[in-house]
Amino acid sequence: MKHIIVVFCIGLILAGCDSANSEALENNPSSSAVSAPNDAPQRKLPPDLSAIYNHEAPIPPQCYTRTEGDFNPCYTCHQTYDDRARPNTMWDGYLQGAYDFSELGETNHWLNLFVDRREQVAKMSDQAIIDYINQDNYTPAMTALAEDDEWGGPVPYIKGLHNGAAAFDELGFAKDGSHWVAFNYKPLPSTFWPTNGSTDDVMVRLPEAFRTSTCAEGEQASRDVYLANLSLMEIAIKELDRISTPPIDEQAVCADLDGDGTLGTARTLLKRDHYLGGAADVPVTDMLYPEGIEFLHTVRYVGVDAHGGIGLPPRMKEVRYMNKIRFYNSAHLKSLYGNEHQEKAEGNLPYYTDHGDRGMDNGFGWMVLGFIEKEDGSLRPQSNQEQRFCMGCHTTVGTTIDQTFAFPRKVTGAEGWGYIDIKGMRDAPAINQDEGEIAQYLRLVGGGNEFRENDEMQARWFNEDGSLKRDKVADADVYELITPSRERALALNKAYKLIVEEQSYLYGRDATLKPAENVYRHINPDEVTPLKPEKRIDGYDIRLDWSAAGATE
């Protein structure tokens with residue numbers, strides 16, 4: 001298994017022709033403003049989805065941003081840590097501000113960044129796009145998969161998921177009895193900030209053994225056991241000694257969870273060596289999930305209500321699913337990361353095993369499967385080329401916790417169980433940092449997205465000299481900080497729908513309105529200005545210190 005190690009991750013969550021042949025492709029006039037070599041790839045529509053256009057798709061568009069020595073969007077993915085016991089030993093902090101790509105990767109294949117969509121967007125009516133994003137394309141797709149005898153993969157379905165929070169109870173448990181559990185988390189800067197074109201939610205599900213009580217004669221399903229095991233997993237991922245929980249009946253678990261010497265109702269759970277109930281033989285391992293865990297991540301348009309409020313609409317751009325099919329301990333993972341470094345040193349291009357309906361193996365124990373909109377707005381499985389896009393963030397970057405982003409960013413403890421809700425959420429700092437994470441990101445990046453081309457964020461949170469309005473940022477909650485105006489939300493929705501109609505995902509999925517100016521079309525490493533030392537940040541962790549400011553107001 002071979003992967004490239006130079007990528008800039010997008011949180012979270014999961015996504016022609018061989019460009020190496022330099023085929024003569026259709027010119028795209030809107031990309032001519034940015035210099036590129038004569039043999040640079042050009043957009044060809046409609047693209048050939050059955051072939052491999054870009055072997056370096058794991059390098060996402062954000063990696064081609066011009067840092068110019070002063071702007072550092074790289075740190076949220078690329079870090080090296082002092083803790084050598086950390087299972088993720090990618091240790092790629094040196095990549096901040098560096099464009100250490102393969103020769104093929106030095107050419108930016110994400111040509112959708114250089115398309116001017118303003119005229120087409122202006123022709124689309126607001127009501128038309130509102131009607132479109134308020135349609136449910138998830139239920140029909142999952143229903144069809146479940147009824148398809150030829151489909152051999154998972155069906156990541158939750159009844160009513162298109163309605164968001166209404167599909168879950170107050171603790172985040174899916175009302176349909178599917179055992180999926182929603183949790184509240186802070187979106188990773190900045191691709192999944194609504195101001196940059198997408199909203200999302202994430203759900204987790206543990207295997208049946210983790211949901212089973214073994215106290216009485218015969219095993220039986222138990223929400224108390226499930227809550228306790230979910231909380232133990234959170235302890236493991238966040239390396240905590242204890243955690244608050246919703247009320248748990250210790251008699252149903254047959255264990256003293258809070259250490260008070262009695263079997264009553266626990267609201268605190270202490271760290272344990274093993275999981276509980278039917279999973280009592282499974283060790284609790286720091287910063288690693290148990291085998292069999294599943295994550296479901298939906299990426300949606302930016303919803304706009306009648307009053308201009310921003311939220312999650314029914315329509316989904318993508319449905320992303322991850323399943324941990326094998327458990328590797330830290331020693332084995334260290335070997336796998338070592339192989340990645342060797343592959344990089346030898347200049348090898350990334351390679352992944354495609355298991356068809358089951359998904360794509362990331363080489364680190366996870367199977368990744370994605371669905372994306374067809375031209376008519378219905379959902380379809382991603383092609384091999386499109387699936388490679390997902391591998392950038394879910395393989396070899398230094399900041400991931402067991403290949404994931406969202407769960408480590410969950411509001412810690414009892415308050416974090418329930419559907420995502422960023423209203424009233426404070427800008428908690430990353431652990432070991434003394435500044436709100438969003439404030440820190442805006443300051444280091446110099447803009448509201450990696451490309452520094454979100455004019456609305458620039459006007460809201462930056463002074464004319466480019467400095468951050470620190471007091472204003474500090475007074476705002478996460479919702480105010482990262483959601484767009486109604487006008488911008490609708491424009492970005494329209495821009496993305498144009499990509500859907502073209503089916504041009506292999507050229508990029510970013511809902512941009514005008515050609516990017518702060519992005520390389522081609523990189524000459526010898527001509528890149530190194531990132532200034534004072535612009536680097538070392539020790540950033542995607543996990544958050546919720547106690548620093550309180551989770552919610």
# chains A, B, ... in the order shown; residues from 1 in each chain; ligands from 1
call {"tool": "residues_around", "arguments": {"residues": "Thr262 in chain A", "least_positions_apart": "5", "cutoff": "10 Å", "atoms": "only C-alpha atoms", "output": "ChimeraX atom specification"}}
result
/A:250-251,255-257
call {"tool": "closest_atom_pairs", "arguments": {"of": "range 491-536 of chain A", "to": "range 195-204 of chain A", "cutoff": "7 Å", "atoms": "only C-alpha atoms", "output": "tab-separated table"}}
result
residue	atom	partner	partner_atom	distance
A:Leu492	CA	A:Gly197	CA	5.5
A:Asn493	CA	A:Gly197	CA	6.8
A:Ala511	CA	A:Gly197	CA	5.9
call {"tool": "write_last_selection", "arguments": {"atoms": "N, CA and C atoms", "output": "PDB file, in the first residue's frame"}}
result
ATOM      1  N   LEU A 492     -22.974  30.284  -2.903  1.00  0.00           N
ATOM      2  CA  LEU A 492     -22.111  29.107  -2.842  1.00  0.00           C
ATOM      3  C   LEU A 492     -22.888  27.841  -3.193  1.00  0.00           C
ATOM      4  N   ASN A 493     -24.150  27.775  -2.771  1.00  0.00           N
ATOM      5  CA  ASN A 493     -24.986  26.636  -3.148  1.00  0.00           C
ATOM      6  C   ASN A 493     -25.135  26.545  -4.666  1.00  0.00           C
ATOM      7  N   ALA A 511     -16.747  25.065  -3.653  1.00  0.00           N
ATOM      8  CA  ALA A 511     -17.773  25.938  -4.239  1.00  0.00           C
ATOM      9  C   ALA A 511     -17.231  27.353  -4.340  1.00  0.00           C
TER      10      ALA A 511
END
call {"tool": "closest_residue", "arguments": {"among": "A:Gly424, A:Gly418, A:Pro189, A:Gly338", "to": "Ala476 in chain A", "atoms": "only C-alpha atoms"}}
result
A:Gly424
call {"tool": "atom_distance", "arguments": {"atom1": "CA of Pro87 in chain A", "atom2": "CA of Asp286 in chain A"}}
result
8.4 Å
call {"tool": "closest_residue", "arguments": {"among": "A:Met425, A:Val411, A:Ile523, A:Ile52", "to": "Asp475 in chain A", "atoms": "only C-alpha atoms"}}
result
A:Met425
call {"tool": "residues_around", "arguments": {"residues": "Ala98 in chain A", "least_positions_apart": "6", "cutoff": "10 Å", "atoms": "only C-alpha atoms", "output": "VMD selection string"}}
result
chain A and resid 6 63 67 69 74 525 528 to 531
call {"tool": "residues_around", "arguments": {"residues": "Glu373 in chain A", "least_positions_apart": "5", "cutoff": "10 Å", "atoms": "only C-alpha atoms", "output": "number ranges by chain"}}
result
A: 137-138, 315-319, 378-382, 497, 499-501, 503, 505
call {"tool": "atom_distance", "arguments": {"atom1": "CA of Ile482 in chain A", "atom2": "CA of Lys494 in chain A"}}
result
19.2 Å
call {"tool": "closest_residue", "arguments": {"among": "A:His355, A:Arg426, A:His162, A:Arg388", "to": "Leu506 in chain A", "atoms": "only C-alpha atoms"}}
result
A:Arg388
call {"tool": "closest_residue", "arguments": {"among": "A:Asn108, A:Asn72, A:Gly356, A:Thr285", "to": "Gly152 in chain A", "atoms": "only C-alpha atoms"}}
result
A:Gly356
call {"tool": "closest_residue", "arguments": {"among": "A:Gly377, A:Gly160, A:Gly309, A:Gly105", "to": "Arg486 in chain A", "atoms": "only C-alpha atoms"}}
result
A:Gly309
call {"tool": "residues_around", "arguments": {"residues": "Glu234 in chain A", "least_positions_apart": "5", "cutoff": "9 Å", "atoms": "only C-alpha atoms", "output": "list in words"}}
result
Asn229, Glu239, Leu240, Ile243, Met287, Phe407, Pro408, Lys410, Thr412 and Gly413 of chain A
call {"tool": "write_last_selection", "arguments": {"atoms": "N, CA and C atoms", "output": "tab-separated table (two decimals), in the first residue's frame"}}
result
chain	number	residue	atom	x	y	z
A	229	ASN	N	-19.65	2.52	27.23
A	229	ASN	CA	-18.59	2.20	26.28
A	229	ASN	C	-18.27	3.36	25.35
A	239	GLU	N	-7.45	10.81	25.86
A	239	GLU	CA	-6.46	10.52	26.90
A	239	GLU	C	-6.83	11.18	28.22
A	240	LEU	N	-8.05	10.91	28.67
A	240	LEU	CA	-8.55	11.48	29.91
A	240	LEU	C	-8.52	10.44	31.03
A	243	ILE	N	-14.51	11.25	32.90
A	243	ILE	CA	-15.36	12.03	32.00
A	243	ILE	C	-16.77	12.07	32.57
A	287	MET	N	-5.96	6.75	22.14
A	287	MET	CA	-5.94	7.35	20.82
A	287	MET	C	-6.22	6.37	19.69
A	407	PHE	N	-14.68	13.17	15.84
A	407	PHE	CA	-14.92	12.69	17.20
A	407	PHE	C	-13.93	13.26	18.21
A	408	PRO	N	-12.64	13.39	17.90
A	408	PRO	CA	-11.74	14.03	18.86
A	408	PRO	C	-12.13	15.47	19.19
A	410	LYS	N	-15.30	16.45	19.62
A	410	LYS	CA	-16.60	16.41	20.30
A	410	LYS	C	-16.55	17.26	21.58
A	412	THR	N	-16.69	17.69	25.13
A	412	THR	CA	-16.31	16.61	26.04
A	412	THR	C	-17.42	16.26	27.02
A	413	GLY	N	-17.65	14.96	27.18
A	413	GLY	CA	-18.54	14.46	28.22
A	413	GLY	C	-20.01	14.53	27.87
call {"tool": "closest_residue", "arguments": {"among": "A:Gly416, A:Asp526, A:Glu450, A:Tyr132", "to": "Thr245 in chain A", "atoms": "only C-alpha atoms"}}
result
A:Gly416
call {"tool": "residues_around", "arguments": {"residues": "Val473 in chain A", "least_positions_apart": "2", "cutoff": "12 Å", "atoms": "only C-alpha atoms", "output": "PyMOL selection string"}}
result
chain A and resi 426-427+435-443+457+460-463+467-471+475-482
call {"tool": "residues_around", "arguments": {"residues": "Asn112 in chain A", "least_positions_apart": "5", "cutoff": "12 Å", "atoms": "only C-alpha atoms", "output": "PyMOL selection string"}}
result
chain A and resi 28-31+41-45+61+117+495-496+498-500+502-516+519+521
call {"tool": "atom_distance", "arguments": {"atom1": "CA of Leu145 in chain A", "atom2": "CA of Ile372 in chain A"}}
result
13.8 Å
call {"tool": "select_by_dssp", "arguments": {"residues": "range 182-279 of chain A", "states": "alpha helix (DSSP H)", "output": "PDB file with N, CA and C atoms, in the first residue's frame"}}
result
ATOM      1  N   ARG A 223     -28.791   0.324  26.746  1.00  0.00           N
ATOM      2  CA  ARG A 223     -28.321   1.675  26.463  1.00  0.00           C
ATOM      3  C   ARG A 223     -27.293   2.111  27.498  1.00  0.00           C
ATOM      4  N   ASP A 224     -27.437   1.661  28.737  1.00  0.00           N
ATOM      5  CA  ASP A 224     -26.474   2.029  29.777  1.00  0.00           C
ATOM      6  C   ASP A 224     -25.081   1.511  29.436  1.00  0.00           C
ATOM      7  N   VAL A 225     -25.001   0.262  28.995  1.00  0.00           N
ATOM      8  CA  VAL A 225     -23.710  -0.291  28.585  1.00  0.00           C
ATOM      9  C   VAL A 225     -23.157   0.476  27.382  1.00  0.00           C
ATOM     10  N   TYR A 226     -24.034   0.780  26.456  1.00  0.00           N
ATOM     11  CA  TYR A 226     -23.609   1.504  25.251  1.00  0.00           C
ATOM     12  C   TYR A 226     -23.055   2.876  25.613  1.00  0.00           C
ATOM     13  N   LEU A 227     -23.763   3.610  26.469  1.00  0.00           N
ATOM     14  CA  LEU A 227     -23.291   4.928  26.897  1.00  0.00           C
ATOM     15  C   LEU A 227     -21.950   4.829  27.608  1.00  0.00           C
ATOM     16  N   ALA A 228     -21.814   3.814  28.459  1.00  0.00           N
ATOM     17  CA  ALA A 228     -20.558   3.649  29.184  1.00  0.00           C
ATOM     18  C   ALA A 228     -19.410   3.361  28.221  1.00  0.00           C
ATOM     19  N   ASN A 229     -19.645   2.521  27.229  1.00  0.00           N
ATOM     20  CA  ASN A 229     -18.586   2.197  26.282  1.00  0.00           C
ATOM     21  C   ASN A 229     -18.267   3.358  25.349  1.00  0.00           C
ATOM     22  N   LEU A 230     -19.276   4.108  24.942  1.00  0.00           N
ATOM     23  CA  LEU A 230     -19.019   5.311  24.147  1.00  0.00           C
ATOM     24  C   LEU A 230     -18.166   6.298  24.938  1.00  0.00           C
ATOM     25  N   SER A 231     -18.460   6.411  26.221  1.00  0.00           N
ATOM     26  CA  SER A 231     -17.698   7.331  27.071  1.00  0.00           C
ATOM     27  C   SER A 231     -16.280   6.829  27.295  1.00  0.00           C
ATOM     28  N   LEU A 232     -16.106   5.517  27.445  1.00  0.00           N
ATOM     29  CA  LEU A 232     -14.763   4.961  27.563  1.00  0.00           C
ATOM     30  C   LEU A 232     -13.957   5.207  26.294  1.00  0.00           C
ATOM     31  N   MET A 233     -14.616   5.110  25.156  1.00  0.00           N
ATOM     32  CA  MET A 233     -13.935   5.389  23.898  1.00  0.00           C
ATOM     33  C   MET A 233     -13.507   6.854  23.838  1.00  0.00           C
ATOM     34  N   GLU A 234     -14.356   7.743  24.312  1.00  0.00           N
ATOM     35  CA  GLU A 234     -13.984   9.160  24.335  1.00  0.00           C
ATOM     36  C   GLU A 234     -12.802   9.392  25.266  1.00  0.00           C
ATOM     37  N   ILE A 235     -12.797   8.714  26.409  1.00  0.00           N
ATOM     38  CA  ILE A 235     -11.653   8.796  27.316  1.00  0.00           C
ATOM     39  C   ILE A 235     -10.380   8.378  26.597  1.00  0.00           C
ATOM     40  N   ALA A 236     -10.468   7.288  25.832  1.00  0.00           N
ATOM     41  CA  ALA A 236      -9.297   6.784  25.117  1.00  0.00           C
ATOM     42  C   ALA A 236      -8.809   7.773  24.066  1.00  0.00           C
ATOM     43  N   ILE A 237      -9.727   8.281  23.253  1.00  0.00           N
ATOM     44  CA  ILE A 237      -9.339   9.179  22.159  1.00  0.00           C
ATOM     45  C   ILE A 237      -8.757  10.482  22.710  1.00  0.00           C
ATOM     46  N   LYS A 238      -9.270  10.942  23.832  1.00  0.00           N
ATOM     47  CA  LYS A 238      -8.819  12.225  24.395  1.00  0.00           C
ATOM     48  C   LYS A 238      -7.795  12.054  25.511  1.00  0.00           C
ATOM     49  N   GLU A 250     -25.620   1.824  37.002  1.00  0.00           N
ATOM     50  CA  GLU A 250     -24.472   0.939  37.178  1.00  0.00           C
ATOM     51  C   GLU A 250     -24.891  -0.523  37.371  1.00  0.00           C
ATOM     52  N   GLN A 251     -26.092  -0.749  37.853  1.00  0.00           N
ATOM     53  CA  GLN A 251     -26.550  -2.124  38.019  1.00  0.00           C
ATOM     54  C   GLN A 251     -26.764  -2.798  36.665  1.00  0.00           C
ATOM     55  N   ALA A 252     -27.154  -2.013  35.662  1.00  0.00           N
ATOM     56  CA  ALA A 252     -27.317  -2.563  34.319  1.00  0.00           C
ATOM     57  C   ALA A 252     -25.970  -2.894  33.684  1.00  0.00           C
ATOM     58  N   VAL A 253     -24.919  -2.215  34.175  1.00  0.00           N
ATOM     59  CA  VAL A 253     -23.575  -2.430  33.658  1.00  0.00           C
ATOM     60  C   VAL A 253     -22.808  -3.433  34.523  1.00  0.00           C
TER      61      VAL A 253
END
